[in-house]
$ cat final.tsv   # TSV, C-alpha atoms
chain	number	residue	atom	x	y	z
F	1	MET	CA	-13.05	-2.14	-29.42
F	2	SER	CA	-9.92	-0.05	-30.07
F	3	PHE	CA	-8.78	3.49	-29.30
F	4	ASP	CA	-6.28	5.88	-30.69
F	5	GLU	CA	-4.13	7.05	-27.78
F	6	SER	CA	-5.86	10.40	-27.39
F	7	ALA	CA	-9.24	8.73	-27.11
F	8	LEU	CA	-7.82	6.11	-24.76
F	9	GLY	CA	-6.46	8.85	-22.52
F	10	GLN	CA	-9.87	10.52	-22.25
F	11	HIS	CA	-11.53	7.15	-21.67
F	12	LEU	CA	-9.17	6.33	-18.80
F	13	ILE	CA	-9.66	9.73	-17.17
F	14	ALA	CA	-13.44	9.31	-17.32
F	15	PHE	CA	-13.14	5.83	-15.85
F	16	ARG	CA	-10.90	7.04	-13.01
F	17	HIS	CA	-13.37	9.81	-12.20
F	18	GLU	CA	-16.14	7.21	-12.04
F	19	LEU	CA	-14.13	5.10	-9.61
F	20	HIS	CA	-13.36	8.21	-7.59
F	21	ARG	CA	-17.05	9.10	-7.25
F	22	PHE	CA	-17.92	5.65	-5.92
F	23	PRO	CA	-15.06	4.54	-3.64
F	24	GLU	CA	-15.26	1.34	-1.61
F	25	LEU	CA	-13.34	0.22	1.46
F	26	SER	CA	-11.09	-2.83	1.67
F	27	ASN	CA	-12.87	-6.11	0.94
F	28	GLU	CA	-16.03	-4.18	0.04
F	29	GLU	CA	-14.99	-3.32	-3.53
F	30	PHE	CA	-17.85	-5.18	-5.22
F	31	GLU	CA	-18.99	-2.36	-7.51
F	32	THR	CA	-15.39	-1.39	-8.28
F	33	THR	CA	-14.63	-4.98	-9.28
F	34	ALA	CA	-17.75	-5.09	-11.48
F	35	ARG	CA	-16.79	-1.83	-13.21
F	36	ILE	CA	-13.28	-3.10	-13.95
F	37	ARG	CA	-14.59	-6.45	-15.17
F	38	GLN	CA	-17.04	-4.69	-17.50
F	39	GLN	CA	-14.20	-2.68	-19.05
F	40	LEU	CA	-11.99	-5.72	-19.49
F	41	GLU	CA	-14.77	-7.73	-21.12
F	42	LYS	CA	-15.58	-4.81	-23.42
F	43	HIS	CA	-12.04	-5.08	-24.75
F	44	GLN	CA	-12.10	-8.89	-24.96
F	45	ILE	CA	-9.49	-9.19	-22.22
F	46	ARG	CA	-9.83	-12.50	-20.41
F	47	VAL	CA	-10.46	-12.55	-16.68
F	48	LEU	CA	-9.17	-15.54	-14.74
F	49	ASP	CA	-11.61	-17.60	-12.71
F	50	LEU	CA	-10.06	-17.26	-9.25
F	51	PRO	CA	-11.63	-17.51	-5.77
F	52	LEU	CA	-11.39	-13.83	-4.85
F	53	LYS	CA	-14.10	-12.08	-2.82
F	54	THR	CA	-13.29	-8.76	-4.51
F	55	GLY	CA	-10.71	-7.69	-7.03
F	56	LEU	CA	-9.77	-9.74	-10.08
F	57	VAL	CA	-6.92	-10.90	-12.27
F	58	ALA	CA	-6.80	-10.35	-16.03
F	59	GLU	CA	-4.42	-11.86	-18.58
F	60	VAL	CA	-3.24	-10.87	-22.05
F	61	GLY	CA	-1.11	-12.91	-24.41
F	62	PRO	CA	-0.76	-16.53	-25.53
F	63	GLU	CA	-1.60	-19.20	-22.98
F	64	ASN	CA	2.00	-20.38	-22.90
F	65	GLY	CA	5.38	-18.71	-22.80
F	66	PRO	CA	6.93	-16.68	-19.97
F	67	LEU	CA	4.67	-14.88	-17.51
F	68	ILE	CA	5.10	-11.29	-16.27
F	69	VAL	CA	2.79	-9.76	-13.64
F	70	LEU	CA	1.63	-6.16	-13.25
F	71	ARG	CA	-0.10	-5.19	-10.01
F	72	SER	CA	-2.56	-2.42	-9.16
F	73	ASP	CA	-4.83	-1.92	-6.14
F	74	ILE	CA	-8.46	-0.80	-5.98
F	75	ASP	CA	-9.59	0.01	-2.41
F	76	ALA	CA	-10.30	3.40	-0.83
F	77	LEU	CA	-9.93	4.87	2.66
F	78	PRO	CA	-12.35	5.82	5.48
F	79	ILE	CA	-11.76	9.56	4.96
F	80	GLU	CA	-14.26	12.36	4.28
F	81	GLU	CA	-13.21	14.03	1.05
F	82	GLN	CA	-12.37	17.75	1.16
F	83	SER	CA	-11.00	18.24	-2.35
F	84	ASP	CA	-12.54	20.67	-4.83
F	85	VAL	CA	-12.73	18.30	-7.80
F	86	THR	CA	-16.02	18.07	-9.69
F	87	PHE	CA	-16.09	14.28	-9.31
F	88	ARG	CA	-15.87	14.20	-5.51
F	89	SER	CA	-16.78	11.06	-3.63
F	90	GLU	CA	-20.53	10.51	-3.37
F	91	ARG	CA	-20.08	8.16	-0.43
F	92	PRO	CA	-19.84	9.94	2.93
F	93	GLY	CA	-16.71	9.14	4.87
F	94	VAL	CA	-15.02	7.21	2.06
F	95	MET	CA	-12.60	8.53	-0.57
F	96	HIS	CA	-9.75	7.55	-2.83
F	97	ALA	CA	-7.20	9.46	-0.76
F	98	CYS	CA	-4.31	7.21	-1.80
F	99	GLY	CA	-4.83	7.19	-5.56
F	100	HIS	CA	-5.85	3.58	-6.03
F	101	ASP	CA	-8.39	4.80	-8.59
F	102	PHE	CA	-5.38	6.08	-10.54
F	103	HIS	CA	-3.46	2.82	-10.16
F	104	SER	CA	-6.33	0.62	-11.33
F	105	SER	CA	-7.16	2.94	-14.25
F	106	ALA	CA	-3.51	2.96	-15.33
F	107	ALA	CA	-3.46	-0.85	-15.16
F	108	LEU	CA	-6.65	-0.99	-17.23
F	109	GLY	CA	-5.03	1.23	-19.84
F	110	ALA	CA	-1.96	-1.02	-19.89
F	111	ALA	CA	-4.19	-4.07	-20.39
F	112	ILE	CA	-5.94	-2.38	-23.32
F	113	LEU	CA	-2.62	-1.38	-24.92
F	114	LEU	CA	-1.26	-4.90	-24.46
F	115	LYS	CA	-4.43	-6.40	-25.94
F	116	GLN	CA	-3.93	-4.34	-29.09
F	117	GLN	CA	-0.53	-6.02	-29.60
F	118	GLU	CA	-1.45	-9.43	-28.19
F	119	ALA	CA	-0.50	-11.35	-31.33
F	120	SER	CA	3.10	-10.16	-31.10
F	121	LEU	CA	3.63	-10.67	-27.35
F	122	ALA	CA	6.46	-13.04	-26.41
F	123	GLY	CA	4.45	-14.42	-23.51
F	124	ARG	CA	1.68	-13.64	-21.04
F	125	VAL	CA	1.06	-10.54	-18.96
F	126	ARG	CA	-1.12	-11.01	-15.92
F	127	ILE	CA	-2.68	-7.82	-14.48
F	128	LEU	CA	-3.73	-7.82	-10.83
F	129	PHE	CA	-6.53	-5.51	-9.71
F	130	GLN	CA	-5.93	-6.22	-6.04
F	131	ALA	CA	-8.36	-5.55	-3.22
F	132	ALA	CA	-7.59	-4.59	0.38
F	133	GLU	CA	-4.14	-3.08	0.07
F	134	GLU	CA	-4.92	-0.63	2.87
F	135	THR	CA	-5.45	-3.46	5.35
F	136	GLY	CA	-2.35	-5.32	4.20
F	137	GLN	CA	-4.34	-8.49	3.49
F	138	GLY	CA	-5.10	-8.17	-0.22
F	139	ALA	CA	-1.79	-9.47	-1.52
F	140	PRO	CA	-1.81	-12.66	0.61
F	141	ASP	CA	-5.34	-13.37	-0.67
F	142	VAL	CA	-4.16	-13.12	-4.27
F	143	ILE	CA	-1.10	-15.27	-3.57
F	144	ALA	CA	-3.34	-17.96	-2.06
F	145	THR	CA	-5.16	-18.32	-5.40
F	146	GLY	CA	-1.96	-19.36	-7.21
F	147	ALA	CA	-2.08	-16.29	-9.44
F	148	LEU	CA	1.71	-15.91	-9.25
F	149	GLN	CA	2.47	-19.50	-10.16
F	150	ASP	CA	5.12	-19.73	-12.90
F	151	ALA	CA	5.59	-15.93	-12.98
F	152	ILE	CA	9.12	-14.66	-13.57
F	153	THR	CA	8.78	-11.19	-12.08
F	154	ILE	CA	6.20	-8.71	-10.82
F	155	PHE	CA	6.01	-4.92	-11.16
F	156	GLY	CA	3.92	-2.50	-9.14
F	157	ILE	CA	3.36	1.25	-9.03
F	158	HIS	CA	2.25	3.91	-6.59
F	159	ASN	CA	1.62	7.58	-7.23
F	160	ASP	CA	3.92	9.99	-5.39
F	161	PRO	CA	2.75	13.61	-4.95
F	162	SER	CA	6.25	14.64	-3.84
F	163	LEU	CA	7.77	13.76	-7.23
F	164	PRO	CA	7.15	16.03	-10.24
F	165	PRO	CA	4.98	14.78	-13.11
F	166	GLY	CA	7.09	12.97	-15.67
F	167	VAL	CA	9.36	11.38	-13.06
F	168	ILE	CA	9.47	7.72	-12.07
F	169	GLY	CA	11.46	6.85	-8.97
F	170	SER	CA	12.70	3.56	-7.63
F	171	LYS	CA	15.79	1.90	-6.21
F	172	ALA	CA	17.34	-1.48	-5.59
F	173	GLY	CA	16.88	-2.91	-2.11
F	174	PRO	CA	14.46	-1.61	0.54
F	175	LEU	CA	12.02	0.98	-0.85
F	176	THR	CA	9.21	1.02	1.74
F	177	ALA	CA	9.16	0.00	5.38
F	178	ALA	CA	7.79	-2.98	7.24
F	179	VAL	CA	4.62	-1.79	8.99
F	180	ASP	CA	3.87	-3.15	12.45
F	181	ARG	CA	1.27	-2.01	14.97
F	182	PHE	CA	1.33	-2.44	18.72
F	183	ASP	CA	-1.13	-1.88	21.53
F	184	ILE	CA	-0.42	-1.92	25.25
F	185	LYS	CA	-2.95	-2.32	28.04
F	186	ILE	CA	-1.95	-1.40	31.59
F	187	ILE	CA	-4.03	-2.61	34.54
F	188	GLY	CA	-3.26	-0.68	37.72
F	189	THR	CA	-5.43	0.19	40.69
F	190	GLY	CA	-7.70	3.20	40.78
F	191	SER	CA	-7.94	5.59	43.70
F	192	HIS	CA	-8.93	9.10	44.67
F	193	ALA	CA	-6.57	11.63	43.12
F	194	ALA	CA	-5.90	13.00	46.61
F	195	LYS	CA	-4.75	9.56	47.81
F	196	PRO	CA	-2.52	8.13	45.06
F	197	HIS	CA	-0.70	5.95	47.57
F	198	GLN	CA	-3.83	3.84	47.84
F	199	GLY	CA	-3.72	2.93	44.15
F	200	ASN	CA	-1.29	2.06	41.38
F	201	ASP	CA	-1.43	4.84	38.80
F	202	PRO	CA	-1.55	3.46	35.21
F	203	ILE	CA	-0.92	6.94	33.77
F	204	VAL	CA	2.47	7.13	35.46
F	205	ILE	CA	3.28	3.66	34.11
F	206	ALA	CA	2.16	4.69	30.62
F	207	ALA	CA	4.41	7.74	30.82
F	208	GLN	CA	7.37	5.51	31.68
F	209	ILE	CA	6.62	3.33	28.65
F	210	VAL	CA	6.37	6.36	26.34
F	211	SER	CA	9.70	7.64	27.62
F	212	ALA	CA	11.45	4.28	27.38
F	213	ALA	CA	10.11	3.71	23.85
F	214	GLN	CA	12.20	6.65	22.67
F	215	THR	CA	15.34	4.59	23.30
F	216	LEU	CA	14.23	1.69	21.12
F	217	ILE	CA	15.75	3.10	17.94
F	218	SER	CA	18.76	4.90	19.37
F	219	ARG	CA	19.92	1.93	21.45
F	220	ASN	CA	18.75	-1.09	19.47
F	221	ALA	CA	18.95	-0.27	15.75
F	222	PRO	CA	22.27	0.19	13.93
F	223	SER	CA	22.97	3.83	13.10
F	224	GLY	CA	22.76	3.12	9.38
F	225	ASP	CA	19.46	1.26	9.62
F	226	ASN	CA	16.48	3.60	9.55
F	227	ALA	CA	13.53	2.84	11.81
F	228	VAL	CA	10.66	4.71	13.47
F	229	VAL	CA	8.62	4.16	16.65
F	230	SER	CA	5.54	6.35	17.14
F	231	ILE	CA	2.99	6.15	19.92
F	232	THR	CA	-0.17	7.64	18.45
F	233	GLN	CA	-2.91	7.04	21.03
F	234	ILE	CA	-3.14	7.12	24.82
F	235	HIS	CA	-6.47	6.66	26.59
F	236	SER	CA	-6.98	6.72	30.35
F	237	GLY	CA	-9.27	8.23	32.93
F	238	SER	CA	-12.57	10.05	32.74
F	239	THR	CA	-12.45	12.91	35.24
F	240	TRP	CA	-10.09	15.30	37.04
F	241	ASN	CA	-10.06	13.93	40.57
F	242	VAL	CA	-9.90	10.16	40.10
F	243	ILE	CA	-6.85	8.07	39.26
F	244	PRO	CA	-8.09	5.44	36.79
F	245	ASP	CA	-7.40	1.76	37.01
F	246	SER	CA	-6.25	1.25	33.41
F	247	ALA	CA	-4.54	2.88	30.45
F	248	TRP	CA	-4.22	1.92	26.80
F	249	LEU	CA	-1.60	2.91	24.23
F	250	GLU	CA	-1.29	2.24	20.52
F	251	GLY	CA	1.24	3.04	17.85
F	252	THR	CA	3.41	1.83	14.99
F	253	VAL	CA	6.94	0.65	14.31
F	254	ARG	CA	8.48	1.06	10.86
F	255	SER	CA	11.70	-0.66	9.83
F	256	PHE	CA	13.58	-1.71	6.71
F	257	SER	CA	15.74	-4.57	7.94
F	258	GLN	CA	14.20	-7.88	9.01
F	259	GLU	CA	16.83	-8.22	11.73
F	260	THR	CA	16.02	-4.78	13.11
F	261	ARG	CA	12.30	-5.51	12.87
F	262	GLU	CA	12.65	-8.62	15.00
F	263	ARG	CA	15.01	-6.91	17.43
F	264	LEU	CA	12.67	-3.96	18.00
F	265	GLU	CA	9.71	-6.21	18.73
F	266	GLN	CA	11.75	-8.26	21.19
F	267	ARG	CA	13.20	-5.26	23.02
F	268	PHE	CA	9.89	-3.36	23.11
F	269	ARG	CA	8.17	-6.37	24.62
F	270	GLU	CA	10.93	-6.75	27.23
F	271	ILE	CA	10.86	-3.06	28.14
F	272	VAL	CA	7.09	-2.98	28.57
F	273	GLN	CA	7.06	-6.14	30.65
F	274	GLY	CA	9.96	-4.88	32.73
F	275	ILE	CA	8.23	-1.57	33.50
F	276	GLY	CA	5.07	-3.44	34.40
F	277	ALA	CA	7.02	-5.63	36.80
F	278	ALA	CA	8.82	-2.63	38.32
F	279	PHE	CA	5.48	-0.97	39.08
F	280	ALA	CA	3.72	-4.19	40.14
F	281	ALA	CA	1.12	-3.75	37.42
F	282	SER	CA	-0.37	-6.11	34.88
F	283	VAL	CA	0.77	-5.07	31.41
F	284	GLU	CA	-0.41	-6.69	28.16
F	285	PHE	CA	1.69	-6.09	25.05
F	286	ASN	CA	0.24	-7.02	21.64
F	287	TRP	CA	2.25	-6.88	18.41
F	288	HIS	CA	0.37	-6.92	15.10
F	289	ALA	CA	2.72	-7.67	12.22
F	290	GLY	CA	1.85	-5.96	8.95
F	291	PRO	CA	3.46	-6.07	5.52
F	292	PRO	CA	7.24	-6.47	5.41
F	293	SER	CA	9.53	-4.02	3.68
F	294	VAL	CA	9.29	-3.73	-0.10
F	295	VAL	CA	12.72	-4.94	-1.20
F	296	ASN	CA	13.31	-4.41	-4.91
F	297	ASP	CA	15.34	-6.92	-6.87
F	298	ALA	CA	18.41	-5.05	-8.14
F	299	HIS	CA	18.13	-6.33	-11.72
F	300	TRP	CA	14.44	-5.61	-12.13
F	301	ALA	CA	14.60	-2.22	-10.38
F	302	ASP	CA	17.33	-1.14	-12.78
F	303	PHE	CA	15.37	-2.61	-15.69
F	304	ALA	CA	12.22	-0.69	-14.66
F	305	LEU	CA	14.13	2.58	-14.45
F	306	GLN	CA	15.69	1.98	-17.87
F	307	GLN	CA	12.23	1.42	-19.32
F	308	ALA	CA	11.03	4.62	-17.65
F	309	THR	CA	13.62	6.53	-19.63
F	310	ALA	CA	12.71	4.65	-22.81
F	311	SER	CA	9.04	5.59	-22.23
F	312	GLY	CA	9.82	9.31	-21.98
F	313	PHE	CA	9.99	9.65	-18.19
F	314	GLU	CA	12.84	10.98	-16.12
F	315	ALA	CA	14.17	8.07	-14.06
F	316	ARG	CA	15.36	8.80	-10.53
F	317	VAL	CA	16.91	6.73	-7.80
F	318	VAL	CA	14.90	7.76	-4.73
F	319	GLU	CA	15.32	7.34	-1.01
F	320	ALA	CA	13.47	4.65	0.89
F	321	SER	CA	10.19	5.77	2.46
F	322	PRO	CA	8.68	4.68	5.82
F	323	ILE	CA	5.24	4.17	4.24
F	324	GLY	CA	3.94	0.60	4.00
F	325	GLU	CA	2.93	-1.51	0.99
F	326	ASP	CA	1.59	-5.05	0.85
F	327	PHE	CA	3.29	-5.45	-2.54
F	328	ALA	CA	6.11	-6.70	-0.31
F	329	PHE	CA	4.28	-10.01	0.12
F	330	TYR	CA	4.57	-10.67	-3.61
F	331	GLN	CA	8.33	-10.12	-3.43
F	332	GLN	CA	8.55	-12.92	-0.89
F	333	GLN	CA	7.30	-15.19	-3.70
F	334	LEU	CA	9.31	-13.92	-6.69
F	335	PRO	CA	11.68	-11.09	-7.60
F	336	GLY	CA	10.11	-7.80	-8.57
F	337	ALA	CA	10.27	-4.03	-8.51
F	338	PHE	CA	8.00	-1.30	-7.22
F	339	MET	CA	8.05	2.19	-8.76
F	340	MET	CA	6.84	5.61	-7.63
F	341	ILE	CA	5.01	7.68	-10.28
F	342	GLY	CA	5.41	11.43	-9.84
F	343	THR	CA	2.17	13.43	-9.84
F	344	GLY	CA	3.42	16.71	-8.34
F	345	GLU	CA	0.31	17.53	-6.33
F	346	PRO	CA	0.33	19.61	-3.10
F	347	TYR	CA	-1.44	17.18	-0.75
F	348	ALA	CA	0.14	14.07	0.69
F	349	LEU	CA	-1.24	10.55	0.49
F	350	HIS	CA	-4.23	10.01	2.83
F	351	HIS	CA	-4.94	13.76	3.07
F	352	PRO	CA	-8.67	14.60	2.77
F	353	ALA	CA	-7.85	17.11	0.00
F	354	PHE	CA	-5.65	14.63	-1.90
F	355	ARG	CA	-5.97	14.66	-5.67
F	356	ILE	CA	-4.26	13.16	-8.74
F	357	ASN	CA	-2.82	14.75	-11.86
F	358	ASP	CA	-4.82	13.19	-14.71
F	359	ASP	CA	-2.17	14.21	-17.25
F	360	VAL	CA	0.04	11.40	-15.99
F	361	LEU	CA	-2.55	8.63	-16.40
F	362	LEU	CA	-2.11	7.63	-20.05
F	363	LEU	CA	1.67	8.04	-19.75
F	364	THR	CA	1.64	5.58	-16.86
F	365	SER	CA	-0.46	3.08	-18.82
F	366	ARG	CA	1.94	3.31	-21.73
F	367	TYR	CA	4.90	2.84	-19.39
F	368	LEU	CA	3.39	-0.27	-17.79
F	369	ALA	CA	2.60	-1.79	-21.18
F	370	ASN	CA	6.10	-1.02	-22.50
F	371	LEU	CA	7.66	-2.39	-19.32
F	372	ALA	CA	5.74	-5.67	-19.62
F	373	VAL	CA	6.65	-6.08	-23.30
F	374	ALA	CA	10.32	-5.34	-22.65
F	375	ALA	CA	10.40	-7.76	-19.71
F	376	LEU	CA	8.83	-10.52	-21.81
F	377	ASN	CA	11.32	-9.92	-24.61
F	378	SER	CA	14.20	-10.06	-22.16
F	379	VAL	CA	13.24	-13.50	-20.79
F	380	ALA	CA	11.69	-15.17	-23.84
F	381	PRO	CA	13.70	-17.97	-25.47
F	382	GLN	CA	15.68	-16.68	-28.41

$ encode --input "final.tsv" --output "structure tokens"
Amino acid sequence: MSFDESALGQHLIAFRHELHRFPELSNEEFETTARIRQQLEKHQIRVLDLPLKTGLVAEVGPENGPLIVLRSDIDALPIEEQSDVTFRSERPGVMHACGHDFHSSAALGAAILLKQQEASLAGRVRILFQAAEETGQGAPDVIATGALQDAITIFGIHNDPSLPPGVIGSKAGPLTAAVDRFDIKIIGTGSHAAKPHQGNDPIVIAAQIVSAAQTLISRNAPSGDNAVVSITQIHSGSTWNVIPDSAWLEGTVRSFSQETRERLEQRFREIVQGIGAAFAASVEFNWHAGPPSVVNDAHWADFALQQATASGFEARVVEASPIGEDFAFYQQQLPGAFMMIGTGEPYALHHPAFRINDDVLLLTSRYLANLAVAALNSVAPQ
């Protein structure tokens, strides 16, 4: 089955709308995986037999020669959609609020375009339709299958509503932040609110921790090394005249340097334990490490931006963003580059009214296909 580009563009838009109507959460993307597989098989694109619960890996090109990898993601978010599109989510409380329907449709289009020129490819292109990006566990699952074995480089994309359509942004070095979560449980002693001296107030201790946390960045991270600490939840007490016996806090730390990441965890743990000791309370500090920082290889980031220009996009060097991306796990295995695709929409990622500019979809597919071909040509034996 083949398309002229106009027909392919309409086909990809219709497919994205279908994915958008039936979103699935991380590690539950069974129907999404089946829909993608059906499309790949319709175009005689081989799917690798890998032990993945959801998601899949396709391959185009001869079974030898250099290997280039393209990555997309397929999972949705636990968000009730509030957009006004005609193809709104039909699953209550679940929506594609991060544009993974766009990413996977663009990757499908790239696979189709590469299939049409398979006989002339200088090597293989492996296309990842990765599950569970939102939980940060999808990339390690793919890595465990050996799907990256023998690959030379990997490229990934993410839509960016803050960039205008027709712009692709990237940069060498750190592009997204390491994403870590923490939770803190404080065990004090409850008492009547009129007799606080008979208890050990966990709310006062929590307040001390919140205040001290504000010094983590200013006194522990170098001034040129961006980092963020945000406490996003505090729960304690149940009524107005009783001091509770416990409090619970949760939040996130974002950083770009591995040294700073390790330093912030160490100092945060010490501060929390020190405050607990000072107030004679039991304090439990839990650190949940997420994806590391996406760190783009300088050569391949520059190469990807050059190919953006060659594909008719405006290439921009952009600032690093404190969002997280489990694409970073792939870059611990091999060099690669991650690019931001401008969509110019008014709502940010993860907003319930988030939407995607369909006009960019075919252009992104063409870019990914051109990027893979150019990368293969650049590394193939002459």

$ closest_residue --input "final.tsv" --among "F:Ser223, F:Ser236, F:Thr153, F:Asn377" --to "Gly336 in chain F" --atoms "all atoms listed in the file"
F:Thr153

$ closest_atom_pairs --input "final.tsv" --of "range 302-327 of chain F" --to "range 340-363 of chain F" --cutoff "12 Å" --atoms "all atoms listed in the file" --output "Markdown table"
| residue | atom | partner | partner_atom | distance |
| --- | --- | --- | --- | --- |
| F:Ala304 | CA | F:Met340 | CA | 10.9 |
| F:Leu305 | CA | F:Met340 | CA | 10.4 |
| F:Ala308 | CA | F:Ile341 | CA | 10.0 |
| F:Ala310 | CA | F:Leu363 | CA | 11.9 |
| F:Ser311 | CA | F:Leu363 | CA | 8.2 |
| F:Gly312 | CA | F:Leu363 | CA | 8.5 |
| F:Phe313 | CA | F:Leu363 | CA | 8.6 |
| F:Glu314 | CA | F:Gly342 | CA | 9.7 |
| F:Ala315 | CA | F:Ile341 | CA | 9.9 |
| F:Arg316 | CA | F:Met340 | CA | 9.5 |
| F:Val317 | CA | F:Met340 | CA | 10.1 |
| F:Val318 | CA | F:Met340 | CA | 8.8 |
| F:Glu319 | CA | F:Met340 | CA | 10.9 |
| F:Ala320 | CA | F:Met340 | CA | 10.8 |
| F:Ser321 | CA | F:Met340 | CA | 10.6 |
| F:Ile323 | CA | F:Leu349 | CA | 9.8 |
| F:Gly324 | CA | F:Leu349 | CA | 11.8 |
| F:Glu325 | CA | F:Met340 | CA | 11.8 |

$ residues_around --input "final.tsv" --residues "range 269-273 of chain F" --least-positions-apart "2" --cutoff "7 Å" --atoms "only C-alpha atoms" --output "JSON, numbers by chain"
{"F": [209, 265, 266, 267, 275, 276, 277, 283, 285]}

$ residues_around --input "final.tsv" --residues "Ser26 in chain F" --least-positions-apart "5" --cutoff "7 Å" --atoms "all atoms listed in the file" --output "ChimeraX atom specification"
/F:75-76,131-132,134-135

$ residues_around --input "final.tsv" --residues "Arg88 in chain F" --least-positions-apart "5" --cutoff "8 Å" --atoms "all atoms listed in the file" --output "mmCIF file with C-alpha atoms, in the coordinates of the input"
data_model
loop_
_atom_site.group_PDB
_atom_site.id
_atom_site.type_symbol
_atom_site.label_atom_id
_atom_site.label_comp_id
_atom_site.auth_asym_id
_atom_site.auth_seq_id
_atom_site.Cartn_x
_atom_site.Cartn_y
_atom_site.Cartn_z
ATOM 1 C CA HIS F 20 -13.360 8.210 -7.590
ATOM 2 C CA ARG F 21 -17.050 9.100 -7.250
ATOM 3 C CA GLU F 81 -13.210 14.030 1.050
ATOM 4 C CA SER F 83 -11.000 18.240 -2.350
#

$ atom_distance --input "final.tsv" --atom1 "CA of Glu250 in chain F" --atom2 "CA of Phe327 in chain F"
24.7 Å

$ decode --input "final.tsv" --residues "range 286-301 of chain F" --atoms "N, CA and C atoms" --output "JSON list (two decimals), in the first residue's frame"
[["chain", "number", "residue", "atom", "x", "y", "z"],
["F", 286, "ASN", "N", 11.93, 9.68, 51.98],
["F", 286, "ASN", "CA", 12.02, 8.73, 50.86],
["F", 286, "ASN", "C", 12.30, 9.49, 49.56],
["F", 287, "TRP", "N", 13.29, 9.04, 48.84],
["F", 287, "TRP", "CA", 13.71, 9.65, 47.57],
["F", 287, "TRP", "C", 13.42, 8.66, 46.46],
["F", 288, "HIS", "N", 12.66, 9.08, 45.45],
["F", 288, "HIS", "CA", 12.29, 8.21, 44.34],
["F", 288, "HIS", "C", 12.93, 8.77, 43.07],
["F", 289, "ALA", "N", 14.02, 8.15, 42.66],
["F", 289, "ALA", "CA", 14.75, 8.63, 41.49],
["F", 289, "ALA", "C", 13.97, 8.34, 40.21],
["F", 290, "GLY", "N", 13.82, 9.35, 39.38],
["F", 290, "GLY", "CA", 13.17, 9.21, 38.09],
["F", 290, "GLY", "C", 14.19, 9.26, 36.96],
["F", 291, "PRO", "N", 13.76, 9.61, 35.77],
["F", 291, "PRO", "CA", 14.68, 9.67, 34.64],
["F", 291, "PRO", "C", 15.76, 10.72, 34.87],
["F", 292, "PRO", "N", 16.97, 10.45, 34.40],
["F", 292, "PRO", "CA", 18.02, 11.46, 34.46],
["F", 292, "PRO", "C", 17.77, 12.56, 33.43],
["F", 293, "SER", "N", 18.67, 13.50, 33.38],
["F", 293, "SER", "CA", 18.59, 14.59, 32.41],
["F", 293, "SER", "C", 18.85, 14.07, 31.00],
["F", 294, "VAL", "N", 18.05, 14.55, 30.04],
["F", 294, "VAL", "CA", 18.36, 14.31, 28.63],
["F", 294, "VAL", "C", 19.59, 15.14, 28.29],
["F", 295, "VAL", "N", 20.65, 14.46, 27.90],
["F", 295, "VAL", "CA", 21.90, 15.14, 27.55],
["F", 295, "VAL", "C", 22.23, 14.80, 26.10],
["F", 296, "ASN", "N", 22.03, 15.76, 25.23],
["F", 296, "ASN", "CA", 22.22, 15.53, 23.80],
["F", 296, "ASN", "C", 23.69, 15.48, 23.42],
["F", 297, "ASP", "N", 24.03, 14.48, 22.62],
["F", 297, "ASP", "CA", 25.37, 14.41, 22.04],
["F", 297, "ASP", "C", 25.56, 15.61, 21.11],
["F", 298, "ALA", "N", 26.68, 16.31, 21.24],
["F", 298, "ALA", "CA", 26.89, 17.55, 20.49],
["F", 298, "ALA", "C", 26.84, 17.31, 18.98],
["F", 299, "HIS", "N", 27.49, 16.25, 18.51],
["F", 299, "HIS", "CA", 27.50, 15.97, 17.07],
["F", 299, "HIS", "C", 26.10, 15.71, 16.55],
["F", 300, "TRP", "N", 25.36, 14.82, 17.23],
["F", 300, "TRP", "CA", 24.06, 14.43, 16.71],
["F", 300, "TRP", "C", 23.00, 15.52, 16.91],
["F", 301, "ALA", "N", 23.14, 16.35, 17.94],
["F", 301, "ALA", "CA", 22.22, 17.48, 18.09],
["F", 301, "ALA", "C", 22.42, 18.47, 16.95]]
